[in-house]
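> Supplied in structure tokens, the structure appears directly below.
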Amino acid sequence: MARFATGRPCLDLLATAHPAERLDSVEALRAWITGSGLVPPGTPLDHADTGWLAGFRELRAHTGRLVRDRLSAGTGPPAAAVAGALDRVNDLARDAPPAPRVVVGEEGLLVRELAGPPACSALLGALARDAVELLTDPVARGCLRQCEGDHCTVVYLDTSRGRRRRWCSSEVCGNRERVARHRRRVAAVARA
């Protein structure tokens, strides 16, 4: 089940590798693309194929290298090891994102739809541009956090008051930590 709790689409893409590969089929990718908000609900993605999977996984790997480099290095130039990732994300960001248009929907409301079926390169371009924006915005970059949950690799934007958010998801990692803390207290009382 995909979760979209990181605060940025490019970080949500990174989260698809944890705890195991979530983009394991074209159907899973289609669901993720729609759930992430890259396309409006109901956008046909029947033309997506296994090449799309490879493209999204490649972008995820490069974005992950860049984000983790920023988390570990802080400020200063990126490590030489991520130069290839930087080049590839920049290449992908050159493609224009899918063109939206406004149409009259049900009950006369104006809704967003795409001008045509989105190309894989356009969707990758939108995600790569999001990564470029994140990595070049000092305020957003300063909000990057790694989840403190055991064995969790999810990176998110901490926009909480006081910047005290500790977990990618309070319901998942936060709950696991609270349960583990409770068990430790119970075990300590039992030993005493």
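Within each chain, counting starts at residue 1; across the structure tokens, chains are named A, B, ... in the order shown, with ligands numbered 1 upward in that order.
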I'd like to know which residues of stretch 112-167 of chain A are alpha helix (DSSP H) (by DSSP, run on the backbone); could you write them as a list in words?
Cys120, Ser121, Ala122, Leu123, Leu124, Gly125, Ala126, Leu127, Ala128, Arg129, Asp130, Ala131, Val132, Glu133, Leu134, Leu135, Thr136, Pro138, Val139, Ala140, Arg141 and Gly142 of chain A
> For the contact check between stretch 58-146 of chain A and stretch 8-26 of chain A, emit one row per residue of stretch 58-146 of chain A within 8 Å, containing the shortest atom pair and the distance in Å rounded to one decimal, counting only C-alpha atoms, chain then rising number order, as a tab-separated table.

```
residue	atom	partner	partner_atom	distance
A:Arg60	CA	A:Leu14	CA	5.5
A:Ala61	CA	A:Leu14	CA	7.7
A:Thr63	CA	A:Cys10	CA	7.5
A:Gly64	CA	A:Leu14	CA	6.3
A:Leu127	CA	A:Cys10	CA	5.5
A:Ala128	CA	A:Cys10	CA	7.2
A:Asp130	CA	A:Cys10	CA	6.1
A:Ala131	CA	A:Cys10	CA	5.7
```
> Can I get the selected residues back with N, CA and C atoms, as a compact mmCIF listing (two decimals), in the first residue's frame?

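Output file out_7.txt is given in full below:
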```txt
# COMPACT_ATOMS: atom_id res chain seq x y z
N ARG A 60 14.33 7.21 -9.16
CA ARG A 60 14.31 7.01 -7.70
C ARG A 60 15.73 6.80 -7.17
N ALA A 61 16.52 5.99 -7.85
CA ALA A 61 17.89 5.72 -7.40
C ALA A 61 18.73 7.00 -7.43
N THR A 63 17.69 10.20 -7.46
CA THR A 63 17.17 11.16 -6.49
C THR A 63 17.58 10.75 -5.08
N GLY A 64 17.52 9.46 -4.80
CA GLY A 64 17.92 8.96 -3.48
C GLY A 64 19.38 9.28 -3.18
N LEU A 127 8.70 14.80 -11.81
CA LEU A 127 9.35 14.34 -10.58
C LEU A 127 10.77 14.87 -10.46
N ALA A 128 11.50 14.88 -11.57
CA ALA A 128 12.88 15.39 -11.55
C ALA A 128 12.87 16.89 -11.22
N ASP A 130 10.67 18.39 -9.41
CA ASP A 130 10.37 18.47 -7.99
C ASP A 130 11.65 18.23 -7.17
N ALA A 131 12.47 17.28 -7.60
CA ALA A 131 13.74 17.02 -6.91
C ALA A 131 14.67 18.22 -7.03
```
> Return as CSV the residues of stretch 53-128 of chain A lying at most 9 Å from stretch 36-41 of chain A, together with the closest atom-to-atom pair for each and the distance in Å to one decimal, counting only C-alpha atoms, with rows in chain order and ascending residue number.

```
residue,atom,partner,partner_atom,distance
A:Pro98,CA,A:Val39,CA,8.1
A:Pro100,CA,A:Val39,CA,8.9
A:Val111,CA,A:Pro40,CA,8.9
A:Arg112,CA,A:Pro40,CA,6.6
A:Glu113,CA,A:Pro40,CA,5.8
A:Leu114,CA,A:Val39,CA,7.4
A:Pro118,CA,A:Val39,CA,8.1
A:Leu123,CA,A:Leu38,CA,7.0
A:Ala126,CA,A:Leu38,CA,7.7
A:Leu127,CA,A:Leu38,CA,8.3
```
> Give me the residues near A:Ser170 as a PDB file with N, CA, C and O atoms, in the first residue's frame, where near means some atom within 12 Å (using only C-alpha atoms) and where sequence neighbours in that chain fewer than 2 positions away do not count.

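Output saved as around.pdb:
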```
ATOM      1  N   ALA A   5       3.210  10.544   2.513  1.00  0.00           N
ATOM      2  CA  ALA A   5       3.314  11.343   3.731  1.00  0.00           C
ATOM      3  C   ALA A   5       4.643  12.066   3.854  1.00  0.00           C
ATOM      4  O   ALA A   5       4.959  12.568   4.917  1.00  0.00           O
ATOM      5  N   THR A   6       5.422  12.121   2.777  1.00  0.00           N
ATOM      6  CA  THR A   6       6.745  12.715   2.886  1.00  0.00           C
ATOM      7  C   THR A   6       6.749  14.223   2.665  1.00  0.00           C
ATOM      8  O   THR A   6       7.697  14.884   3.040  1.00  0.00           O
ATOM      9  N   CYS A 147      13.643   9.218   8.805  1.00  0.00           N
ATOM     10  CA  CYS A 147      12.787   8.635   9.831  1.00  0.00           C
ATOM     11  C   CYS A 147      13.652   7.979  10.903  1.00  0.00           C
ATOM     12  O   CYS A 147      14.639   7.317  10.609  1.00  0.00           O
ATOM     13  N   GLU A 148      13.274   8.168  12.149  1.00  0.00           N
ATOM     14  CA  GLU A 148      14.004   7.571  13.266  1.00  0.00           C
ATOM     15  C   GLU A 148      13.513   6.164  13.609  1.00  0.00           C
ATOM     16  O   GLU A 148      14.002   5.557  14.555  1.00  0.00           O
ATOM     17  N   GLY A 149      12.562   5.658  12.843  1.00  0.00           N
ATOM     18  CA  GLY A 149      12.064   4.311  13.085  1.00  0.00           C
ATOM     19  C   GLY A 149      13.142   3.269  12.803  1.00  0.00           C
ATOM     20  O   GLY A 149      13.979   3.447  11.917  1.00  0.00           O
ATOM     21  N   ARG A 165       9.115  16.542  14.343  1.00  0.00           N
ATOM     22  CA  ARG A 165       8.639  15.279  13.773  1.00  0.00           C
ATOM     23  C   ARG A 165       9.796  14.281  13.740  1.00  0.00           C
ATOM     24  O   ARG A 165      10.886  14.602  13.313  1.00  0.00           O
ATOM     25  N   ARG A 166       9.538  13.051  14.190  1.00  0.00           N
ATOM     26  CA  ARG A 166      10.591  12.044  14.280  1.00  0.00           C
ATOM     27  C   ARG A 166      10.408  10.889  13.314  1.00  0.00           C
ATOM     28  O   ARG A 166      11.354  10.173  13.025  1.00  0.00           O
ATOM     29  N   TRP A 167       9.191  10.684  12.845  1.00  0.00           N
ATOM     30  CA  TRP A 167       8.906   9.507  12.038  1.00  0.00           C
ATOM     31  C   TRP A 167       8.255   9.892  10.723  1.00  0.00           C
ATOM     32  O   TRP A 167       7.549  10.890  10.637  1.00  0.00           O
ATOM     33  N   CYS A 168       8.454   9.013   9.734  1.00  0.00           N
ATOM     34  CA  CYS A 168       7.805   9.235   8.437  1.00  0.00           C
ATOM     35  C   CYS A 168       6.293   9.168   8.594  1.00  0.00           C
ATOM     36  O   CYS A 168       5.563   9.867   7.917  1.00  0.00           O
ATOM     37  N   VAL A 172       2.620   4.407  11.610  1.00  0.00           N
ATOM     38  CA  VAL A 172       3.405   3.207  11.328  1.00  0.00           C
ATOM     39  C   VAL A 172       4.657   3.186  12.205  1.00  0.00           C
ATOM     40  O   VAL A 172       4.713   2.499  13.208  1.00  0.00           O
ATOM     41  N   CYS A 173       5.668   3.951  11.826  1.00  0.00           N
ATOM     42  CA  CYS A 173       6.934   3.936  12.575  1.00  0.00           C
ATOM     43  C   CYS A 173       6.760   4.482  13.991  1.00  0.00           C
ATOM     44  O   CYS A 173       7.342   3.965  14.937  1.00  0.00           O
ATOM     45  N   GLY A 174       5.991   5.544  14.136  1.00  0.00           N
ATOM     46  CA  GLY A 174       5.754   6.104  15.463  1.00  0.00           C
ATOM     47  C   GLY A 174       5.054   5.102  16.367  1.00  0.00           C
ATOM     48  O   GLY A 174       5.415   4.943  17.536  1.00  0.00           O
ATOM     49  N   ASN A 175       4.060   4.410  15.835  1.00  0.00           N
ATOM     50  CA  ASN A 175       3.345   3.415  16.634  1.00  0.00           C
ATOM     51  C   ASN A 175       4.260   2.262  17.012  1.00  0.00           C
ATOM     52  O   ASN A 175       4.225   1.792  18.155  1.00  0.00           O
ATOM     53  N   ARG A 176       5.110   1.817  16.084  1.00  0.00           N
ATOM     54  CA  ARG A 176       6.062   0.744  16.397  1.00  0.00           C
ATOM     55  C   ARG A 176       6.981   1.153  17.539  1.00  0.00           C
ATOM     56  O   ARG A 176       7.282   0.364  18.430  1.00  0.00           O
ATOM     57  N   GLU A 177       7.456   2.399  17.511  1.00  0.00           N
ATOM     58  CA  GLU A 177       8.345   2.886  18.569  1.00  0.00           C
ATOM     59  C   GLU A 177       7.614   2.955  19.904  1.00  0.00           C
ATOM     60  O   GLU A 177       8.156   2.567  20.944  1.00  0.00           O
ATOM     61  N   ARG A 178       6.380   3.423  19.909  1.00  0.00           N
ATOM     62  CA  ARG A 178       5.622   3.494  21.163  1.00  0.00           C
ATOM     63  C   ARG A 178       5.361   2.098  21.723  1.00  0.00           C
ATOM     64  O   ARG A 178       5.469   1.878  22.937  1.00  0.00           O
ATOM     65  N   VAL A 179       5.044   1.143  20.863  1.00  0.00           N
ATOM     66  CA  VAL A 179       4.828  -0.240  21.311  1.00  0.00           C
ATOM     67  C   VAL A 179       6.127  -0.811  21.885  1.00  0.00           C
ATOM     68  O   VAL A 179       6.129  -1.446  22.943  1.00  0.00           O
TER      69      VAL A 179
END
```
> Could you jot down the atom CA of A:Ser160 to atom CA of A:Phe4 separation for me, Å, one decimal place?
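We find that atom CA of A:Ser160 and atom CA of A:Phe4 lie 16.1 Å from each other.
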> Could you name the residues that touch A:Leu86 at 10 Å or less, counting only C-alpha atoms, but leaving out those on the same chain fewer than 2 positions away, as an MDAnalysis selection string?
chainID A and resid 62:63 65:66 78 80:84 88:91 132
> With a distance cut-off of 7 Å and only C-alpha atoms, select the neighbouring residues of A:Gln146, excluding the residue or stretch itself and same-chain residues fewer than 6 positions from it, and output the selection as a ChimeraX atom specification.
/A:153-156
> One number please: atom CA of A:Gly42 to atom CA of A:Arg3, in Å, one decimal.
19.0 Å
> If you run DSSP on the backbone, which residues of stretch 9-176 of chain A are strand (DSSP E or B), as JSON, numbers by chain?
{"A": [100, 101, 102, 103, 104, 110, 111, 112, 113, 114, 144, 145, 146, 155, 156, 157]}
> Could you state the separation of atom CA of A:Leu29 and atom CA of A:Leu110 in Å, given to one decimal place?
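Between atom CA of A:Leu29 and atom CA of A:Leu110 the gap is 27.5 Å.
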